[in-house]
>>> print(open('data-v7.pdb').read())   # PDB, C-alpha atoms
ATOM      1  CA  GLY O 254     -49.420 -39.511  94.431  1.00  0.00           C
ATOM      2  CA  ALA O 255     -50.419 -42.985  93.337  1.00  0.00           C
ATOM      3  CA  LYS O 256     -49.043 -45.972  95.232  1.00  0.00           C
ATOM      4  CA  SER O 257     -46.528 -48.216  93.499  1.00  0.00           C
ATOM      5  CA  VAL O 258     -43.276 -50.086  93.996  1.00  0.00           C
ATOM      6  CA  MET O 259     -40.284 -48.715  92.071  1.00  0.00           C
ATOM      7  CA  SER O 260     -36.947 -50.395  91.448  1.00  0.00           C
ATOM      8  CA  ASP O 261     -33.586 -48.722  91.601  1.00  0.00           C
ATOM      9  CA  THR O 262     -31.994 -47.771  88.282  1.00  0.00           C
ATOM     10  CA  ILE O 263     -31.153 -50.856  86.218  1.00  0.00           C
ATOM     11  CA  ASP O 264     -27.908 -50.689  84.261  1.00  0.00           C
ATOM     12  CA  GLY O 265     -27.029 -52.826  81.254  1.00  0.00           C
ATOM     13  CA  LEU O 266     -30.564 -53.517  80.011  1.00  0.00           C
ATOM     14  CA  SER O 267     -33.011 -51.457  77.984  1.00  0.00           C
ATOM     15  CA  ALA O 268     -36.681 -51.085  78.872  1.00  0.00           C
ATOM     16  CA  GLU O 269     -37.561 -53.165  75.811  1.00  0.00           C
ATOM     17  CA  GLN O 270     -35.215 -55.971  76.924  1.00  0.00           C
ATOM     18  CA  LEU O 271     -36.832 -56.041  80.372  1.00  0.00           C
ATOM     19  CA  VAL O 272     -40.383 -56.236  78.988  1.00  0.00           C
ATOM     20  CA  ALA O 273     -39.295 -59.003  76.587  1.00  0.00           C
ATOM     21  CA  GLY O 274     -37.673 -60.813  79.526  1.00  0.00           C
ATOM     22  CA  ILE O 275     -40.889 -60.629  81.553  1.00  0.00           C
ATOM     23  CA  GLU O 276     -42.803 -62.031  78.578  1.00  0.00           C
ATOM     24  CA  ARG O 277     -40.355 -64.956  78.230  1.00  0.00           C
ATOM     25  CA  TYR O 278     -40.616 -65.607  81.986  1.00  0.00           C
ATOM     26  CA  VAL O 279     -44.425 -65.847  81.837  1.00  0.00           C
ATOM     27  CA  LYS O 280     -44.486 -67.940  78.649  1.00  0.00           C
ATOM     28  CA  ALA O 281     -41.959 -70.354  80.189  1.00  0.00           C
ATOM     29  CA  GLY O 282     -44.422 -71.094  83.010  1.00  0.00           C
ATOM     30  CA  LYS O 283     -42.255 -69.592  85.727  1.00  0.00           C
ATOM     31  CA  THR O 284     -45.246 -67.968  87.461  1.00  0.00           C
ATOM     32  CA  ALA O 285     -46.282 -71.396  88.814  1.00  0.00           C
ATOM     33  CA  GLN O 286     -46.428 -71.552  92.605  1.00  0.00           C
ATOM     34  CA  GLY O 287     -45.885 -75.298  92.927  1.00  0.00           C
ATOM     35  CA  LEU O 288     -49.184 -75.860  94.738  1.00  0.00           C
ATOM     36  CA  GLU O 289     -51.249 -76.398  91.595  1.00  0.00           C
ATOM     37  CA  THR O 290     -52.598 -79.788  90.570  1.00  0.00           C
ATOM     38  CA  LYS O 291     -52.336 -78.580  86.977  1.00  0.00           C
ATOM     39  CA  PHE O 292     -50.734 -75.503  85.405  1.00  0.00           C
ATOM     40  CA  ASP O 293     -51.337 -74.310  81.840  1.00  0.00           C
ATOM     41  CA  VAL O 294     -49.861 -71.479  79.788  1.00  0.00           C
ATOM     42  CA  VAL O 295     -51.661 -70.554  76.553  1.00  0.00           C
ATOM     43  CA  ASP O 296     -50.191 -67.985  74.162  1.00  0.00           C
ATOM     44  CA  LYS O 297     -53.217 -66.414  72.466  1.00  0.00           C
ATOM     45  CA  GLY O 298     -51.228 -63.902  70.436  1.00  0.00           C
ATOM     46  CA  ASP O 299     -52.531 -60.701  72.041  1.00  0.00           C
ATOM     47  CA  GLU O 300     -52.342 -62.169  75.548  1.00  0.00           C
ATOM     48  CA  VAL O 301     -50.785 -64.995  77.513  1.00  0.00           C
ATOM     49  CA  LEU O 302     -53.326 -66.831  79.661  1.00  0.00           C
ATOM     50  CA  VAL O 303     -52.178 -68.787  82.701  1.00  0.00           C
ATOM     51  CA  ALA O 304     -54.579 -71.266  84.321  1.00  0.00           C
ATOM     52  CA  GLN O 305     -53.781 -72.575  87.805  1.00  0.00           C
ATOM     53  CA  HIS O 306     -55.875 -75.549  88.897  1.00  0.00           C
ATOM     54  CA  PHE O 307     -56.112 -76.289  92.622  1.00  0.00           C
ATOM     55  CA  ASP O 308     -57.749 -79.041  94.657  1.00  0.00           C
ATOM     56  CA  ILE O 309     -59.591 -77.681  97.696  1.00  0.00           C
ATOM     57  CA  PRO O 310     -58.975 -79.699 100.880  1.00  0.00           C
ATOM     58  CA  GLY O 311     -61.967 -81.489 102.390  1.00  0.00           C
ATOM     59  CA  PHE O 312     -61.944 -79.386 105.561  1.00  0.00           C
ATOM     60  CA  LEU O 313     -62.523 -76.337 103.332  1.00  0.00           C
ATOM     61  CA  GLY O 314     -65.405 -77.942 101.455  1.00  0.00           C
ATOM     62  CA  GLY O 315     -63.537 -80.033  98.891  1.00  0.00           C
ATOM     63  CA  GLY O 316     -63.722 -79.757  95.134  1.00  0.00           C
ATOM     64  CA  SER O 317     -61.452 -77.762  92.909  1.00  0.00           C
ATOM     65  CA  ASN O 318     -60.898 -74.219  91.689  1.00  0.00           C
ATOM     66  CA  THR O 319     -59.152 -72.679  88.727  1.00  0.00           C
ATOM     67  CA  CYS O 320     -57.600 -69.209  88.851  1.00  0.00           C
ATOM     68  CA  TYR O 321     -56.787 -67.433  85.605  1.00  0.00           C
ATOM     69  CA  THR O 322     -54.217 -64.715  84.988  1.00  0.00           C
ATOM     70  CA  SER O 323     -54.149 -62.768  81.737  1.00  0.00           C
ATOM     71  CA  TYR O 324     -50.896 -61.064  80.742  1.00  0.00           C
ATOM     72  CA  ARG O 325     -50.904 -58.451  77.972  1.00  0.00           C
ATOM     73  CA  PHE O 326     -47.555 -57.102  76.789  1.00  0.00           C
ATOM     74  CA  ASN O 327     -47.493 -53.638  75.225  1.00  0.00           C
ATOM     75  CA  ILE O 328     -43.949 -53.410  73.915  1.00  0.00           C
ATOM     76  CA  ALA O 329     -44.470 -49.916  72.439  1.00  0.00           C
ATOM     77  CA  GLN O 330     -45.392 -48.543  75.880  1.00  0.00           C
ATOM     78  CA  ASN O 331     -43.092 -50.858  77.879  1.00  0.00           C
ATOM     79  CA  LEU O 332     -46.148 -51.942  79.859  1.00  0.00           C
ATOM     80  CA  VAL O 333     -47.425 -55.305  81.094  1.00  0.00           C
ATOM     81  CA  GLU O 334     -51.086 -55.527  82.190  1.00  0.00           C
ATOM     82  CA  ILE O 335     -51.951 -58.455  84.460  1.00  0.00           C
ATOM     83  CA  GLN O 336     -55.577 -59.352  85.195  1.00  0.00           C
ATOM     84  CA  LEU O 337     -56.330 -61.941  87.896  1.00  0.00           C
ATOM     85  CA  TYR O 338     -59.587 -63.921  87.902  1.00  0.00           C
ATOM     86  CA  LEU O 339     -60.075 -65.904  91.129  1.00  0.00           C
ATOM     87  CA  ASN O 340     -62.406 -68.500  89.617  1.00  0.00           C
ATOM     88  CA  GLN O 341     -64.083 -69.760  86.440  1.00  0.00           C
ATOM     89  CA  ILE O 342     -67.202 -67.594  86.935  1.00  0.00           C
ATOM     90  CA  CYS O 343     -65.193 -64.352  87.232  1.00  0.00           C
ATOM     91  CA  PHE O 344     -63.176 -65.391  84.167  1.00  0.00           C
ATOM     92  CA  GLU O 345     -66.273 -66.173  82.085  1.00  0.00           C
ATOM     93  CA  ARG O 346     -67.827 -62.826  83.081  1.00  0.00           C
ATOM     94  CA  SER O 347     -64.569 -60.933  82.356  1.00  0.00           C
ATOM     95  CA  GLU O 348     -64.606 -59.627  85.945  1.00  0.00           C
ATOM     96  CA  PRO O 349     -61.004 -59.524  87.168  1.00  0.00           C
ATOM     97  CA  THR O 350     -60.402 -59.309  90.896  1.00  0.00           C
ATOM     98  CA  THR O 351     -57.236 -57.276  90.401  1.00  0.00           C
ATOM     99  CA  THR O 352     -55.389 -55.548  87.590  1.00  0.00           C
ATOM    100  CA  GLY O 353     -51.650 -55.286  88.003  1.00  0.00           C
ATOM    101  CA  SER O 354     -49.417 -53.064  85.918  1.00  0.00           C
ATOM    102  CA  ILE O 355     -45.703 -53.314  85.324  1.00  0.00           C
ATOM    103  CA  LYS O 356     -44.337 -50.148  83.709  1.00  0.00           C
ATOM    104  CA  VAL O 357     -40.716 -50.195  82.610  1.00  0.00           C
ATOM    105  CA  HIS O 358     -39.363 -46.656  82.411  1.00  0.00           C
ATOM    106  CA  SER O 359     -36.627 -46.048  79.859  1.00  0.00           C
ATOM    107  CA  SER O 360     -34.615 -43.071  81.076  1.00  0.00           C
ATOM    108  CA  PRO O 361     -33.313 -44.069  83.496  1.00  0.00           C
ATOM    109  CA  VAL O 362     -34.356 -47.726  83.240  1.00  0.00           C
ATOM    110  CA  LYS O 363     -36.529 -48.577  86.252  1.00  0.00           C
ATOM    111  CA  VAL O 364     -39.413 -50.972  86.868  1.00  0.00           C
ATOM    112  CA  GLU O 365     -42.615 -49.734  88.495  1.00  0.00           C
ATOM    113  CA  PHE O 366     -45.326 -52.134  89.717  1.00  0.00           C
ATOM    114  CA  TRP O 367     -48.801 -51.528  91.164  1.00  0.00           C
ATOM    115  CA  VAL O 368     -52.064 -53.420  91.588  1.00  0.00           C
ATOM    116  CA  ASP O 369     -55.598 -52.038  91.467  1.00  0.00           C
ATOM    117  CA  VAL O 370     -58.080 -54.122  93.461  1.00  0.00           C
ATOM    118  CA  HIS O 371     -61.571 -54.107  91.968  1.00  0.00           C
ATOM    119  CA  GLU O 372     -64.726 -54.175  94.031  1.00  0.00           C
ATOM    120  CA  LEU O 373     -65.727 -57.788  94.464  1.00  0.00           C
ATOM    121  CA  ARG O 374     -68.392 -59.685  96.318  1.00  0.00           C
ATOM    122  CA  ASN O 375     -67.068 -63.160  96.956  1.00  0.00           C
ATOM    123  CA  SER O 376     -68.737 -66.503  97.585  1.00  0.00           C
ATOM    124  CA  GLY O 377     -67.776 -70.071  96.796  1.00  0.00           C
ATOM    125  CA  LEU O 378     -66.932 -73.430  98.293  1.00  0.00           C
ATOM    126  CA  VAL O 379     -64.614 -72.110 101.015  1.00  0.00           C
ATOM    127  CA  LEU O 380     -67.250 -69.716 102.382  1.00  0.00           C
ATOM    128  CA  LYS O 381     -69.895 -72.453 102.099  1.00  0.00           C
ATOM    129  CA  ALA O 382     -67.722 -74.835 104.143  1.00  0.00           C
ATOM    130  CA  MET O 383     -67.229 -72.158 106.804  1.00  0.00           C
ATOM    131  CA  MET O 384     -70.968 -71.467 107.032  1.00  0.00           C
ATOM    132  CA  ASP O 385     -71.861 -75.177 107.149  1.00  0.00           C
ATOM    133  CA  LYS O 386     -69.386 -75.708 109.977  1.00  0.00           C
ATOM    134  CA  VAL O 387     -70.842 -72.825 112.011  1.00  0.00           C
ATOM    135  CA  LEU O 388     -74.409 -74.032 111.380  1.00  0.00           C
ATOM    136  CA  SER O 389     -73.459 -77.562 112.454  1.00  0.00           C
ATOM    137  CA  GLU O 390     -71.691 -76.386 115.607  1.00  0.00           C
ATOM    138  CA  MET O 391     -74.715 -74.257 116.510  1.00  0.00           C
ATOM    139  CA  GLY O 392     -76.912 -77.344 116.213  1.00  0.00           C
ATOM    140  CA  ALA O 393     -78.878 -75.873 113.317  1.00  0.00           C
ATOM    141  CA  ASN O 394     -80.482 -78.453 111.074  1.00  0.00           C
ATOM    142  CA  ALA O 395     -79.575 -76.524 107.916  1.00  0.00           C
ATOM    143  CA  SER O 396     -76.923 -76.364 105.231  1.00  0.00           C
ATOM    144  CA  SER O 397     -75.917 -73.738 102.729  1.00  0.00           C
ATOM    145  CA  SER O 398     -75.545 -73.508  98.949  1.00  0.00           C
ATOM    146  CA  VAL O 399     -73.368 -71.405  96.687  1.00  0.00           C
ATOM    147  CA  HIS O 400     -75.026 -68.820  94.472  1.00  0.00           C
ATOM    148  CA  GLN O 401     -72.648 -67.414  91.876  1.00  0.00           C
TER     149      GLN O 401
END
>>> encode(input="data-v7.pdb", output="structure tokens")
Amino acid sequence: GAKSVMSDTIDGLSAEQLVAGIERYVKAGKTAQGLETKFDVVDKGDEVLVAQHFDIPGFLGGGSNTCYTSYRFNIAQNLVEIQLYLNQICFERSEPTTTGSIKVHSSPVKVEFWVDVHELRNSGLVLKAMMDKVLSEMGANASSSVHQ
């Protein structure tokens, strides 16, 4: 069967109440990790978009990066779809790195969670910093550039 994480039976709450609670949690900004330099939650009606802005330390190449997470709540199906975009380019291309699903079963009430990881070729400032460091330590008179 498919891989997932399943909760025990949940008493005292309906599936609809749990999905609504997850939606309130996301809209309240409680998905923040505390490491962001800026954290935004935008309710777009059909989705809630979370933007996490991070500063990249100098030893990793410096600069900044923004990760986006799109949450779509399907109350009729008791389903939450979560798409993660690791950077601005992936977000602009609508190429999520992962798609998570939270399915709330109604009889008995249980929560099931799984994540599908999409094929991804990665690059960016962190990989550039790693390559530049290796080139420098090898004595190569060369640097690298990021091609997105």
>>> residues_around(input="data-v7.pdb", residues="stretch 320-327 of chain O", least_positions_apart="2", cutoff="8 Å", atoms="all atoms listed in the file", output="ChimeraX atom specification")
/O:272,276,299-306,318,329-341,344
>>> closest_residue(input="data-v7.pdb", among="O:Val362, O:Val368, O:Met384, O:Ile342", to="O:Asp264", atoms="all atoms listed in the file")
O:Val362
>>> resolve_selection(input="data-v7.pdb", expression="the PyMOL selection byres ((chain O and resi 279-290) around 7)", output="PyMOL selection string")
chain O and resi 275-278+291-292+294+305-308
>>> resolve_selection(input="data-v7.pdb", expression="the PyMOL selection byres ((chain O and resi 385-399) around 12)", output="ChimeraX atom specification")
/O:312-314,375-384,400-401
>>> residues_near_point(input="data-v7.pdb", point="(-35.9, -54.7, 82.6)", cutoff="10 Å", atoms="all atoms listed in the file", output="list in words")
Ser260, Thr262, Ile263, Asp264, Gly265, Leu266, Ser267, Ala268, Glu269, Gln270, Leu271, Val272, Ala273, Gly274, Ile275, Asn331, Lys356, Val357, His358, Ser359, Val362, Lys363 and Val364 of chain O
>>> atom_distance(input="data-v7.pdb", atom1="atom CA of O:Glu365", atom2="atom CA of O:Thr319")
28.3 Å
>>> atom_distance(input="data-v7.pdb", atom1="atom CA of O:Asp261", atom2="atom CA of O:Gly353")
19.6 Å
>>> resolve_selection(input="data-v7.pdb", expression="the PyMOL selection byres ((chain O and resi 373) around 9)", output="PyMOL selection string")
chain O and resi 348-350+370-372+374-375
>>> residues_around(input="data-v7.pdb", residues="stretch 255-257 of chain O", least_positions_apart="3", cutoff="10 Å", atoms="all atoms listed in the file", output="PDB file with C-alpha atoms, keeping the file's coordinate frame")
ATOM      1  CA  SER O 354     -49.417 -53.064  85.918  1.00  0.00           C
ATOM      2  CA  ILE O 355     -45.703 -53.314  85.324  1.00  0.00           C
ATOM      3  CA  GLU O 365     -42.615 -49.734  88.495  1.00  0.00           C
ATOM      4  CA  PHE O 366     -45.326 -52.134  89.717  1.00  0.00           C
ATOM      5  CA  TRP O 367     -48.801 -51.528  91.164  1.00  0.00           C
ATOM      6  CA  VAL O 368     -52.064 -53.420  91.588  1.00  0.00           C
ATOM      7  CA  ASP O 369     -55.598 -52.038  91.467  1.00  0.00           C
TER       8      ASP O 369
END
>>> axis_aligned_box(input="data-v7.pdb", around="stretch 303-310 of chain O", padding_each_side="6 Å", output="AutoDock Vina command-line options")
--center_x -55.9 --center_y -74.2 --center_z 91.8 --size_x 19.4 --size_y 22.9 --size_z 30.2
>>> atom_distance(input="data-v7.pdb", atom1="atom CA of O:Ile328", atom2="atom CA of O:Thr352")
18.0 Å
